[in-house]
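Trainee: Please read through the structure below; I'll follow up with questions.
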Amino acid sequence: MTRRHRSRTWWKTAVGVLLTAIMLFPVYWMLNASFTRDQDLRKTPPDLFPAHGTLEGYRAVLDQQLPYLGTSLVIGLGTVVLTVALAAPAGYALAKLRPRGGGILSFLLLAAQMVPGIIMAMGFYAIYLSLGLLQSVPGLIVADSTLAVPFGVLIFTAFMSGIPGELLQAARTDGAGSLRTFWSIVLPMSRNAVVTVSLFAFLWSWSDFIFASTLDNGGSGEPITLGIYHYIGNNNQQWNAIMATAVVASIPATLILVLAQRYVAAGVTAGAVKD
């Protein structure tokens, strides 16, 4: 390796580290503020490190925010189950069964992701008002799934298109029907796509605010996004508690993303390269 090449590599690394630090600074400041006393947060300039650390914010989270976190967990898992149950068979049909009008359906699924969430929320509000599903956890699960299902169908279609047709033909030769072939062969081979779709469905539902504030505001089972929103309104001086709530709310999504990143990379790039 020449000296010029080493110098260029060093600058690239330095720039990368600098940009990463800038992007992660809000996360660090959230952690710092969650351990800082309220009176210290008002200092000018503020402390870069919590000089007099406190756990008061996290005690407030345990006392007041756990029900919101539990509701978000239920909504997230329900959204994952419903999304995979709908998107996986649809992706299999588009990829392998080649139904008439499949190209138009794929285009409509792509276009559905461009509809603003607030417009969909207003539509759901009118429907739920007549069905009595306002301020209900099942209503939020269905609403959040509408964001994840189109994306999931496209991911499953791209991934399942790469499954060799010889495997499916062998299954048909052995007497397996389309449903048995999907359940026993296609779905187990689509593990990366299942993890990818599940992850994004969970993250979308976990961070949703538009549907939650429109369809479940004031209900008995509100998600953590509404918990933080109400907490800011009711405790606008206790910023360490607000930041501690944000930290705790970020932990499940962060852990899932770290554990599933290998499968996500494979699932997202599926179908991009053909043999």
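The chains in the structure tokens are called A, B, ... from first to last as shown; in each chain the residues are counted from 1, and the ligands are counted from 1 in the order shown.
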Find the residues around range 249-252 of chain A up to 10 Å (only C-alpha atoms counted), leave out those fewer than 6 positions away in its own chain, and share them as a list in words.

Mentor: Val27, Val61, Gln65, Leu66, Tyr68, Leu69, Ser72, Leu73, Phe202, Leu203, Trp206, Ser207, Ile224, Thr225, Ile228 and Met243 of chain A

Trainee: For the interface of range 155-218 of chain A with range 107-120 of chain A (cut-off 12 Å, counting only C-alpha atoms), please tabulate each contacting residue of range 155-218 of chain A alongside its nearest pair of atoms and their separation in Å to one decimal, rows sorted by chain and increasing number, as a tab-separated table.

Mentor:
```
residue	atom	partner	partner_atom	distance
A:Ile155	CA	A:Leu110	CA	11.2
A:Thr157	CA	A:Leu109	CA	11.6
A:Trp204	CA	A:Gly117	CA	11.7
A:Asp208	CA	A:Gly117	CA	9.9
A:Phe209	CA	A:Gly117	CA	9.9
A:Ile210	CA	A:Ile118	CA	6.4
A:Phe211	CA	A:Ile118	CA	7.7
A:Ala212	CA	A:Ile118	CA	10.9
A:Ser213	CA	A:Ile118	CA	10.3
A:Thr214	CA	A:Ile118	CA	8.6
A:Leu215	CA	A:Met120	CA	10.9
```

Trainee: May I have a table of the residues of range 170-190 of chain A lying at most 9 Å from range 88-96 of chain A, giving each one's closest pair of atoms and their distance in Å to one decimal, counting only C-alpha atoms, ordered by chain and ascending residue number, as CSV?

Mentor:
```
residue,atom,partner,partner_atom,distance
A:Leu179,CA,A:Pro89,CA,8.9
A:Phe182,CA,A:Tyr92,CA,7.3
A:Val186,CA,A:Tyr92,CA,7.8
A:Leu187,CA,A:Ala88,CA,7.7
```

Trainee: Generate the output file for the selected residues, N, CA, C and O atoms, as a PDB file, in the first residue's frame.

Mentor:
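New file part-v9.pdb:
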```pdb
ATOM      1  N   LEU A 179     -50.788 -24.737  -1.682  1.00  0.00           N
ATOM      2  CA  LEU A 179     -50.722 -24.367  -0.272  1.00  0.00           C
ATOM      3  C   LEU A 179     -49.648 -25.150   0.459  1.00  0.00           C
ATOM      4  O   LEU A 179     -48.859 -24.594   1.240  1.00  0.00           O
ATOM      5  N   PHE A 182     -46.221 -23.918  -0.571  1.00  0.00           N
ATOM      6  CA  PHE A 182     -45.904 -22.640   0.070  1.00  0.00           C
ATOM      7  C   PHE A 182     -45.496 -22.851   1.525  1.00  0.00           C
ATOM      8  O   PHE A 182     -44.498 -22.294   1.984  1.00  0.00           O
ATOM      9  N   VAL A 186     -41.565 -23.020   0.362  1.00  0.00           N
ATOM     10  CA  VAL A 186     -41.298 -21.614   0.062  1.00  0.00           C
ATOM     11  C   VAL A 186     -41.112 -20.793   1.329  1.00  0.00           C
ATOM     12  O   VAL A 186     -40.148 -20.026   1.448  1.00  0.00           O
ATOM     13  N   LEU A 187     -42.008 -20.926   2.291  1.00  0.00           N
ATOM     14  CA  LEU A 187     -41.915 -20.106   3.498  1.00  0.00           C
ATOM     15  C   LEU A 187     -40.659 -20.392   4.317  1.00  0.00           C
ATOM     16  O   LEU A 187     -39.988 -19.446   4.761  1.00  0.00           O
TER      17      LEU A 187
END
```

Trainee: Residues near Ala171 in chain A, anyone? I mean within 10 Å using only C-alpha atoms, not counting same-chain ones fewer than 5 positions away, as a ChimeraX atom specification.

Mentor: /A:165-166,176-178,180-182,184-185

Trainee: Keeping only all heavy atoms, write the selected residues as a tab-separated table (two decimals), in the first residue's frame.

Mentor:
```tsv
chain	number	residue	atom	x	y	z
A	165	GLY	N	-37.34	-22.81	-9.54
A	165	GLY	CA	-38.60	-23.43	-9.91
A	165	GLY	C	-38.55	-24.94	-9.86
A	165	GLY	O	-39.59	-25.59	-9.74
A	166	GLU	N	-37.34	-25.52	-9.95
A	166	GLU	CA	-37.22	-26.97	-9.91
A	166	GLU	C	-37.70	-27.54	-8.58
A	166	GLU	O	-38.27	-28.63	-8.53
A	166	GLU	CB	-35.77	-27.40	-10.15
A	166	GLU	CG	-35.25	-27.11	-11.56
A	166	GLU	CD	-34.84	-25.67	-11.76
A	166	GLU	OE1	-34.91	-24.89	-10.77
A	166	GLU	OE2	-34.47	-25.31	-12.90
A	176	ALA	N	-47.80	-32.46	-3.87
A	176	ALA	CA	-48.09	-31.30	-3.02
A	176	ALA	C	-48.83	-30.24	-3.81
A	176	ALA	O	-48.46	-29.93	-4.95
A	176	ALA	CB	-46.80	-30.72	-2.44
A	177	GLY	N	-49.86	-29.67	-3.23
A	177	GLY	CA	-50.59	-28.58	-3.86
A	177	GLY	C	-49.90	-27.25	-3.62
A	177	GLY	O	-48.84	-27.18	-2.99
A	178	SER	N	-50.51	-26.19	-4.09
A	178	SER	CA	-49.91	-24.85	-3.96
A	178	SER	C	-49.76	-24.45	-2.50
A	178	SER	O	-48.73	-23.92	-2.09
A	178	SER	CB	-50.76	-23.82	-4.70
A	178	SER	OG	-50.80	-24.11	-6.08
A	180	ARG	N	-49.56	-26.46	0.22
A	180	ARG	CA	-48.55	-27.29	0.87
A	180	ARG	C	-47.15	-26.89	0.42
A	180	ARG	O	-46.21	-26.85	1.22
A	180	ARG	CB	-48.81	-28.76	0.56
A	180	ARG	CG	-47.79	-29.72	1.16
A	180	ARG	CD	-47.82	-29.68	2.68
A	180	ARG	NE	-46.83	-30.54	3.28
A	180	ARG	CZ	-47.01	-31.85	3.51
A	180	ARG	NH1	-48.16	-32.42	3.18
A	180	ARG	NH2	-46.06	-32.57	4.06
A	181	THR	N	-47.00	-26.56	-0.85
A	181	THR	CA	-45.70	-26.13	-1.37
A	181	THR	C	-45.27	-24.83	-0.72
A	181	THR	O	-44.10	-24.66	-0.33
A	181	THR	CB	-45.77	-25.95	-2.89
A	181	THR	OG1	-46.15	-27.18	-3.50
A	181	THR	CG2	-44.43	-25.50	-3.45
A	182	PHE	N	-46.22	-23.92	-0.57
A	182	PHE	CA	-45.90	-22.64	0.07
A	182	PHE	C	-45.50	-22.85	1.52
A	182	PHE	O	-44.50	-22.29	1.98
A	182	PHE	CB	-47.12	-21.71	-0.01
A	182	PHE	CG	-47.03	-20.52	0.90
A	182	PHE	CD1	-46.19	-19.46	0.59
A	182	PHE	CD2	-47.79	-20.46	2.06
A	182	PHE	CE1	-46.11	-18.36	1.44
A	182	PHE	CE2	-47.72	-19.37	2.91
A	182	PHE	CZ	-46.87	-18.32	2.59
A	184	SER	N	-44.51	-25.65	3.22
A	184	SER	CA	-43.41	-26.58	3.53
A	184	SER	C	-42.10	-26.24	2.86
A	184	SER	O	-41.04	-26.64	3.35
A	184	SER	CB	-43.82	-28.01	3.15
A	184	SER	OG	-44.98	-28.41	3.85
A	185	ILE	N	-42.14	-25.51	1.75
A	185	ILE	CA	-40.91	-25.26	1.00
A	185	ILE	C	-40.61	-23.77	0.89
A	185	ILE	O	-39.53	-23.31	1.28
A	185	ILE	CB	-41.00	-25.89	-0.41
A	185	ILE	CG1	-41.13	-27.41	-0.29
A	185	ILE	CG2	-39.79	-25.52	-1.24
A	185	ILE	CD1	-41.27	-28.12	-1.62
```

Trainee: Between A:Ser205, A:Thr71, A:Ser145, A:Thr254, which one has atoms that come closest to Leu86 in chain A, using only C-alpha atoms?

Mentor: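 Residue with the minimum atom-to-atom distance to Leu86 in chain A: A:Ser145.
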